[in-house]
Each structure stands twice: as C-alpha cells, then as structure tokens.
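Step one of this worksheet: look at the structure below.
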Amino acid sequence: MSLRADAPRCGGVAVEFESEDFRDTRANKAKRSPGSALIYLKGPKFLIYVSGALSMWGDRMWHFAISVFLIELYGRNLLLTAVFGLVVAGSVLLLGALIGDWVDRNPRNKVAHASLFIQNISVTVCSIVLMLVFSYKHRIEQIWDGWLTVVCYTVVIILADVANLASTALTIAIQRDWIVVITGYNRGHLAGMNATMRRIDQVTNILAPLAVGQVMTLASNVVGCGFILGWNLVSLIVEFIFLSRVYRIVPALSIKPPAEEVDQANEQMREMRGLQGTDDAREPSSPTEDNCSMSLHLKEITNLPLCFQRFRWLLSTCKDGWRAYYRQPVFLAGMGLAFLYTTVLGFDCITTGYAYTQGISGSLLSVLMGVSAITGLMGTVMFTKLRKAYGLVNTGIISSCLHLGCLLLCVCSVFAPGSPMDLSLLMPYINTNSSEVGGMASQRQKHTYPLRVGNNQPLLPDRSSIHWTNNTVLFDNVPSGTAPESYISIILLFLGVITARIGLWSFDLTVTQLLQENICESERGVVNGVQSSMNYLMDLLHFIMVISAPQPQHFGILVIISVLFITTGHTMYFLYARKAKRKQGLDT
C-alpha cells in the first residue's frame, strides 16, 4: 500500500511513500525474526548513524578549534575569525546552488566519496599548516617582511572554507538524499532517521568542543592540531568503508534518474520565443526546427572564449537552481525555516556574551547549555510522536505555536526588572541643556557592565543545520561589580530560549522531512543547496543586526527584531500549511 496522491513528480516519475500500516506490519515481522539485533548492526541505518556521528564529531571539533586558532594566530584579535566567518557564509551563499547541482548530476557514491575525501584532506592539510605556523611563528614573521604570515593566514582560511563547502555537499548528499532512499520512501522510517541524526548532532555539538578544548588546554595548540589531524585521517577511512558498504547493500542508491537535458533545452527555447514576442497560439515547431535552433544557440555559446563559457554556465546553473527552489510546493516552508536563522535568541557567542554582562557566570552558562541540549532532544522525541498522531503538516503548526509561545517570555524579559533596555535609544536625539544630556547618559549607563570577551571567544561561530547550539567558549569567572538590580529579566530570557528549543527542533525536523518528501529525486541536491544559501543569507542578517547595535542596552531591540523575523517565518509556514490542506481536500 502506498500514498500516491502526495507523491512528488518530476519527469513523469512518481516517488511513493509507504503508509503507516504497512510500515508497522513490516516492523513487527522484523522484530520477531531471530538475530534482528545483529542484522540491524550490519544494516544501512546503523552504518549511516556511525558514519554521521564520526563526521559530525569531526566537524564540531574543527569548527570550534579553527575559531580559537585564528584568534591565537592574530594576537588574540577577532579580525581573522570575523573574516573566516564572512568567507564561509559568503561562499555557501554564492555556491550553494552549484554544489547542489553537482550532487544531482553525479552518482551517489562518487559524490559522497569525493566530498568526504575533500573535506578530510582539507582539514588535514590545514592542520599541518597550523602546526607549522604555531611552531615557527617568529621565523615565519621575519620572512618576506611578514608577508609569508599573511600567505599562511590566507591558506588556512581557504582550506577551512573548502572543507566547509565539502561538508555542505556531504550533508546534502547523505542527510537529504541517501536516507530517503535507504528508508524505502517510508514516512515513518524517514522521520525516525531524521530525528536520530538530529539527536546525534545535538550530542556531538556539546561534547566534541569540550573534548578538543580539554586537549588544547591541557597540552597545546600544536597538540590540538595533531589530535584533529589524526581524528580526520581515521574518520576518513572508517566513513569511506561504511558508506561504500551502505551503497553496496542498498541497490536503490545506484539508481539515479537521468538529467532531463532535452526538456530543459526545450523549455529554455520556449522562454526565448516568449521574450521575442512570438505568438503562443501558433503551430508548434517541429523537433527538427527546435534542434536546428538549439544547435545554432549552442554554436553561439561555443564561439565565446572558454572562461566566458564557464562563467555563463555557472550563472545559468545558479539561476536554474534558484528558479527550481522557487517553484517547489514547499517553497514557503523552506523560506520559513530560513527566517528562523535571523535571531539572537540562541546559545551562540552573542547571547552568552550578553548574559555575561548581566552577571551570569561561566559555570552557570555551561549548565544552561546542557539543559538546552536536553530540551532539544525532547523536541526530536516530540516530533516523532506528533507526526504519527497528527501528520507532518499539523506537526509543523503545533511546533510553530509552541516555539512562538515560548519566545514571548523573551519579549517579556526586555521590559522586566533588571533589563538594560533603554527606550530613549528609539527616540530622536534632542540637543537640550547639559543637565538633560547628562541625565540621559547616566540613565543609559544604569545597567551597562563591562563585556570582557574571553580570549578564545569566536565572533562568527559555526552554523550547523540549525544554529541554536553553536560552539561557544564559556567564561571562567564573573567580573566584580556586574550584578544587575534584578535577575528577573535574564531568567525570563533564558527560560524562553531553553523551552523554545522543543518547538524549534520539532519544526526544523518537520520542514526537513517536507523537503525530503516533496522534492523530486533529480532536484534534491540543487534545491537543498539553495536552502543552505538562504540559511546563510539570513544568518548574515543576524550578524549585521548585532554589528549595528552591539551594546547591552541594544539587546532588547535585537530580541524584538528576532521575534519579528521568527514570526514572519512561521507565518510563511502557516500559509504553506493552509495551501497544502486545501490541496489535500481537493484531491480527496
């Protein structure tokens, strides 16, 4: 039994998802079979989980360490870290569609192996360069009047960026395509695999930075680089073997729909005729005429120099990727998820830095971070329960309402006692007498506390699939004299942030599965690549917000703007849900 009504179609191919009854029947039979545990350990799901855990652990260690390394290299200044963050975000924003198109056009095993190899080798070479720079930094600074140091910094940032791009390609290939095929287009199994992969990501995002941080603290940066280097080499071998085995034991992975090149060419020719003002009602041209026109058009392109041909092809691929993203039935749901990235309400360096100015100690922040990880895991459990009971679209609605409801506590914290929010910042500046100016200045400084950023605090941390568990270096001690008049504001803020993660992660998993189910197989890569670009674009807006309003007195304004962006994102999802329910009603 299958559900054909909701199956996405592309090129005349329907993707079928199994019903819940069929899934439960087959699962019960598997449980009664002898040796089911051993079969599971040798099965593709377990191999994907282990491979994903190794990959995520290495990614989290590396993204944490590279921020610290760049700060140490540049005299404990945040400039290199900021440049690295901008390069990473900008590269994914520009190349996301191209990466996804490359994933779509190549066999699954070649994509996974190439991404895995490029990622781990880039990190390995970058670690070697960092070890040399840390060991011979003074000598390197004396060569070429210090320009060799600049070259080393450039090489490190480029290699780290290449590793991040390869990691993006691997994530799209495995978590957006492979697991859909491995589950046999079974909605229940797909939801379970998505939730398990997200739980693994949650745990590694907390433990991996702590592990590599302990190595760097107890030993040195050079030893930390060596530890990451060794981990990546071992992980490369294990992941390569596991992914190769999964590809062999799941025959469906070797079957990939061919690219619809002829249809795309005909569509482009029709668009060109429309731009030229041709009559749509006229007799359709024969295939021979179309082929002649196509050959003339291709001949014009081939007459261009090779570099212009490549550039034109890249632009065309990017345009087609964004167009494919826009025409997806789940476009509004994907955009809604992207809008959730424009927020300061998460455990990144921005929020923890603000908490530090409000008298929260590093030890308490670490405890709160652990509690937030637990609530995130609760969100993944709630997703599987709600999806089975109410359906996928309704799960997103419930998760959205829960997320927004909890964030109202953050809005209340802006106006609660102890908040450093100064509403006079929203009023136009009026040049009055000095006493009024002095009074306003003293009022603005009422809750201003020195923000002593730790030496290892990254400015632009890594952004994961969804970025509310970013790597953060916690502070050791609370500076004296930073206790606010009341802790009600900061308590409400973190209570809202922590509880909102339940609805947040459930909503994230909902949109992820909607993208998996409703995007046709031949476009999964490019559409998810554009989705990654949108996520990074909205993430850049979040940092622009912080740069525009960096003081603790501004944080309340940032909270309100963040909630407005999140509300906009969920509103987009509500529009998608209304449209999907209406379509479902018409189909029935």
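The way I read the labels, and the way they are meant: chains A, B, ... in the order of the structure tokens, residue 1 as the first residue of every chain, and ligand 1 as the first ligand shown, with later ones counted on from there.
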
**Item:** 9 Å contact set for stretch 564-575 of chain A, only C-alpha atoms, chain neighbours under 3 positions out, as JSON, numbers by chain
**Value:** {"A": [330, 332, 333, 334, 335, 336, 337, 338, 339, 340, 341, 342, 343, 396, 397, 400, 401, 404, 511, 559, 560, 561, 578, 579, 580]}

Shell of 9 Å around A:Trp62, only C-alpha atoms, local chain residues under 5 positions omitted, as a PyMOL selection string: chain A and resi 57+67+123+160+209+212+228

So that I have them on file, write out the residues from the current selection with all heavy atoms, as an mmCIF file, in the first residue's frame.
data_model
loop_
_atom_site.group_PDB
_atom_site.id
_atom_site.type_symbol
_atom_site.label_atom_id
_atom_site.label_comp_id
_atom_site.auth_asym_id
_atom_site.auth_seq_id
_atom_site.Cartn_x
_atom_site.Cartn_y
_atom_site.Cartn_z
ATOM 1 N N TRP A 57 31.156 14.722 14.683
ATOM 2 C CA TRP A 57 32.127 14.944 15.756
ATOM 3 C C TRP A 57 33.359 15.673 15.217
ATOM 4 O O TRP A 57 33.843 16.633 15.823
ATOM 5 C CB TRP A 57 32.537 13.615 16.377
ATOM 6 C CG TRP A 57 33.371 13.755 17.605
ATOM 7 C CD1 TRP A 57 34.711 14.012 17.664
ATOM 8 C CD2 TRP A 57 32.935 13.665 18.972
ATOM 9 N NE1 TRP A 57 35.142 14.091 18.966
ATOM 10 C CE2 TRP A 57 34.069 13.876 19.792
ATOM 11 C CE3 TRP A 57 31.706 13.415 19.571
ATOM 12 C CZ2 TRP A 57 34.002 13.844 21.175
ATOM 13 C CZ3 TRP A 57 31.635 13.379 20.966
ATOM 14 C CH2 TRP A 57 32.762 13.597 21.746
ATOM 15 N N SER A 67 38.261 28.538 15.112
ATOM 16 C CA SER A 67 37.997 29.873 15.656
ATOM 17 C C SER A 67 39.039 30.243 16.700
ATOM 18 O O SER A 67 39.553 31.372 16.721
ATOM 19 C CB SER A 67 36.600 29.924 16.269
ATOM 20 O OG SER A 67 35.615 29.659 15.301
ATOM 21 N N VAL A 123 40.997 19.556 5.882
ATOM 22 C CA VAL A 123 41.225 19.757 7.317
ATOM 23 C C VAL A 123 42.615 19.247 7.716
ATOM 24 O O VAL A 123 43.319 19.887 8.513
ATOM 25 C CB VAL A 123 40.129 19.050 8.135
ATOM 26 C CG1 VAL A 123 40.446 19.087 9.625
ATOM 27 C CG2 VAL A 123 38.779 19.699 7.877
ATOM 28 N N ALA A 160 40.073 25.921 5.132
ATOM 29 C CA ALA A 160 38.935 25.737 6.038
ATOM 30 C C ALA A 160 37.612 25.975 5.312
ATOM 31 O O ALA A 160 36.628 25.280 5.566
ATOM 32 C CB ALA A 160 39.060 26.673 7.236
ATOM 33 N N PRO A 209 33.276 19.939 21.144
ATOM 34 C CA PRO A 209 34.099 21.094 21.525
ATOM 35 C C PRO A 209 34.728 20.952 22.903
ATOM 36 O O PRO A 209 35.859 21.403 23.121
ATOM 37 C CB PRO A 209 33.093 22.251 21.488
ATOM 38 C CG PRO A 209 32.016 21.800 20.573
ATOM 39 C CD PRO A 209 31.902 20.327 20.792
ATOM 40 N N VAL A 212 37.909 18.508 22.460
ATOM 41 C CA VAL A 212 39.091 19.117 21.847
ATOM 42 C C VAL A 212 39.573 20.315 22.669
ATOM 43 O O VAL A 212 40.771 20.602 22.712
ATOM 44 C CB VAL A 212 38.774 19.535 20.394
ATOM 45 C CG1 VAL A 212 37.851 20.731 20.346
ATOM 46 C CG2 VAL A 212 40.059 19.841 19.637
ATOM 47 N N ILE A 228 43.263 16.684 15.960
ATOM 48 C CA ILE A 228 42.264 16.820 14.901
ATOM 49 C C ILE A 228 42.745 16.151 13.624
ATOM 50 O O ILE A 228 41.957 15.498 12.915
ATOM 51 C CB ILE A 228 41.959 18.311 14.662
ATOM 52 C CG1 ILE A 228 41.288 18.911 15.899
ATOM 53 C CG2 ILE A 228 41.076 18.500 13.434
ATOM 54 C CD1 ILE A 228 41.069 20.404 15.810
#

Problem - All residues 7 Å or closer to A:Ile498, only C-alpha atoms, same chain fewer than 4 positions away omitted, as a list in words - result: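 Using only C-alpha atoms, the neighbours found are Ser372, Thr375 and Phe494 of chain A.
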
Min atom-atom distance to A:Asn120 from the set A:Phe311, A:Phe331, A:Trp231, A:Tyr247, counting only C-alpha atoms, belongs to A:Trp231

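Using only C-alpha atoms, the smallest distance between any of A:Met56, A:Leu515, A:Val246, A:Ala500 and A:Lys42 comes from A:Val246.
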
Polymer residues at most 12 Å from A:Thr171, only C-alpha atoms, same-chain spacing of 4 or more positions, as a VMD selection string = chain A and resid 48 51 to 52 55 to 56 59 99 to 100 103 111 to 112 115 to 116 119 164 to 167 175 to 179 197 201 464 to 465 524 to 525 528 to 529 532

Those residues you just picked out, can you put them in a file as an mmCIF file, in the first residue's frame with C-alpha atoms?
data_model
loop_
_atom_site.group_PDB
_atom_site.id
_atom_site.type_symbol
_atom_site.label_atom_id
_atom_site.label_comp_id
_atom_site.auth_asym_id
_atom_site.auth_seq_id
_atom_site.Cartn_x
_atom_site.Cartn_y
_atom_site.Cartn_z
ATOM 1 C CA ILE A 48 24.793 5.714 8.405
ATOM 2 C CA SER A 51 29.344 7.451 9.799
ATOM 3 C CA GLY A 52 27.277 10.542 10.568
ATOM 4 C CA SER A 55 31.575 13.172 10.582
ATOM 5 C CA MET A 56 29.621 15.449 12.949
ATOM 6 C CA ASP A 59 33.096 18.913 12.123
ATOM 7 C CA ILE A 99 27.107 22.402 -5.010
ATOM 8 C CA GLY A 100 23.576 21.031 -5.107
ATOM 9 C CA VAL A 103 25.278 16.455 -6.193
ATOM 10 C CA VAL A 111 29.549 12.430 -4.637
ATOM 11 C CA ALA A 112 29.826 11.004 -1.113
ATOM 12 C CA SER A 115 33.004 15.199 -0.591
ATOM 13 C CA LEU A 116 34.370 13.037 2.213
ATOM 14 C CA GLN A 119 36.663 17.629 3.457
ATOM 15 C CA ASN A 164 33.118 23.623 4.908
ATOM 16 C CA LEU A 165 31.874 23.530 1.301
ATOM 17 C CA ALA A 166 32.690 19.822 1.084
ATOM 18 C CA SER A 167 30.894 19.265 4.389
ATOM 19 C CA GLN A 175 21.005 13.603 5.071
ATOM 20 C CA ARG A 176 18.782 14.907 2.260
ATOM 21 C CA ASP A 177 19.059 12.121 -0.318
ATOM 22 C CA TRP A 178 20.623 8.873 0.904
ATOM 23 C CA ILE A 179 18.417 8.377 3.933
ATOM 24 C CA MET A 197 20.533 12.087 13.075
ATOM 25 C CA ASP A 201 24.124 16.235 16.045
ATOM 26 C CA SER A 464 25.036 23.944 11.772
ATOM 27 C CA SER A 465 21.841 22.661 10.164
ATOM 28 C CA ARG A 524 17.067 17.249 -4.274
ATOM 29 C CA GLY A 525 20.661 18.422 -4.378
ATOM 30 C CA ASN A 528 18.758 21.815 -0.711
ATOM 31 C CA GLY A 529 21.850 23.700 -1.855
ATOM 32 C CA SER A 532 21.584 26.230 2.594
#

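The spacing separating atom CA of A:Thr380 from atom CA of A:His189 amounts to 14.0 Å.
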
As a check of understanding: the span from atom CA of A:Leu159 to atom CA of A:Ile172 is 20.1 Å

Exercise. Which residue, A:Leu377, A:Ile158, A:Leu148, A:Val527, has the smallest gap to A:Leu86 when you use only C-alpha atoms?
Worked result: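 Using only C-alpha atoms, the shortest distance to A:Leu86 belongs to A:Ile158.
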
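Atom pair atom CA of A:Gly184 / atom CA of A:Ala252 has a distance of 8.5 Å (rounded to one decimal).
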
Open item on the list: Taking 6 positions as the minimum chain separation for residues in the same chain, which residues sit within 12 Å of A:Pro107 when counting only C-alpha atoms? Answer as number ranges by chain.
Closed with: A: 101, 113-114, 173, 177-178, 247, 252-259, 522, 525

_With distances taken over only C-alpha atoms, which residue among A:Pro329, A:Gly496, A:Pro550, A:Gly376 lies nearest A:Lys583?_
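Ranked by minimum distance to A:Lys583, first place goes to A:Pro329.
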
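Residue nearest A:Phe227, chosen from A:Gly146, A:Gly85, A:Gly58, A:Gly418 and counting only C-alpha atoms: A:Gly58.
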
Do a neighbour search on A:Ser413 at 7 Å with only C-alpha atoms, toss out local chain neighbours closer than 6 positions, and write the hits as an mmCIF file with N, CA, C and O atoms, in the first residue's frame.
data_model
loop_
_atom_site.group_PDB
_atom_site.id
_atom_site.type_symbol
_atom_site.label_atom_id
_atom_site.label_comp_id
_atom_site.auth_asym_id
_atom_site.auth_seq_id
_atom_site.Cartn_x
_atom_site.Cartn_y
_atom_site.Cartn_z
ATOM 1 N N SER A 419 16.368 44.569 33.209
ATOM 2 C CA SER A 419 16.730 44.668 31.799
ATOM 3 C C SER A 419 17.505 45.958 31.549
ATOM 4 O O SER A 419 17.085 47.032 32.018
ATOM 5 N N SER A 489 14.843 39.626 34.491
ATOM 6 C CA SER A 489 14.951 39.766 33.031
ATOM 7 C C SER A 489 15.765 38.638 32.414
ATOM 8 O O SER A 489 15.337 37.995 31.452
ATOM 9 N N ILE A 490 16.939 38.365 32.966
ATOM 10 C CA ILE A 490 17.802 37.341 32.383
ATOM 11 C C ILE A 490 17.217 35.945 32.588
ATOM 12 O O ILE A 490 17.400 35.047 31.741
ATOM 13 N N LEU A 492 13.927 35.237 32.624
ATOM 14 C CA LEU A 492 12.883 35.105 31.603
ATOM 15 C C LEU A 492 13.493 34.867 30.220
ATOM 16 O O LEU A 492 12.966 34.080 29.421
ATOM 17 N N LEU A 493 14.610 35.540 29.942
ATOM 18 C CA LEU A 493 15.250 35.380 28.632
ATOM 19 C C LEU A 493 15.681 33.939 28.403
ATOM 20 O O LEU A 493 15.335 33.325 27.376
#
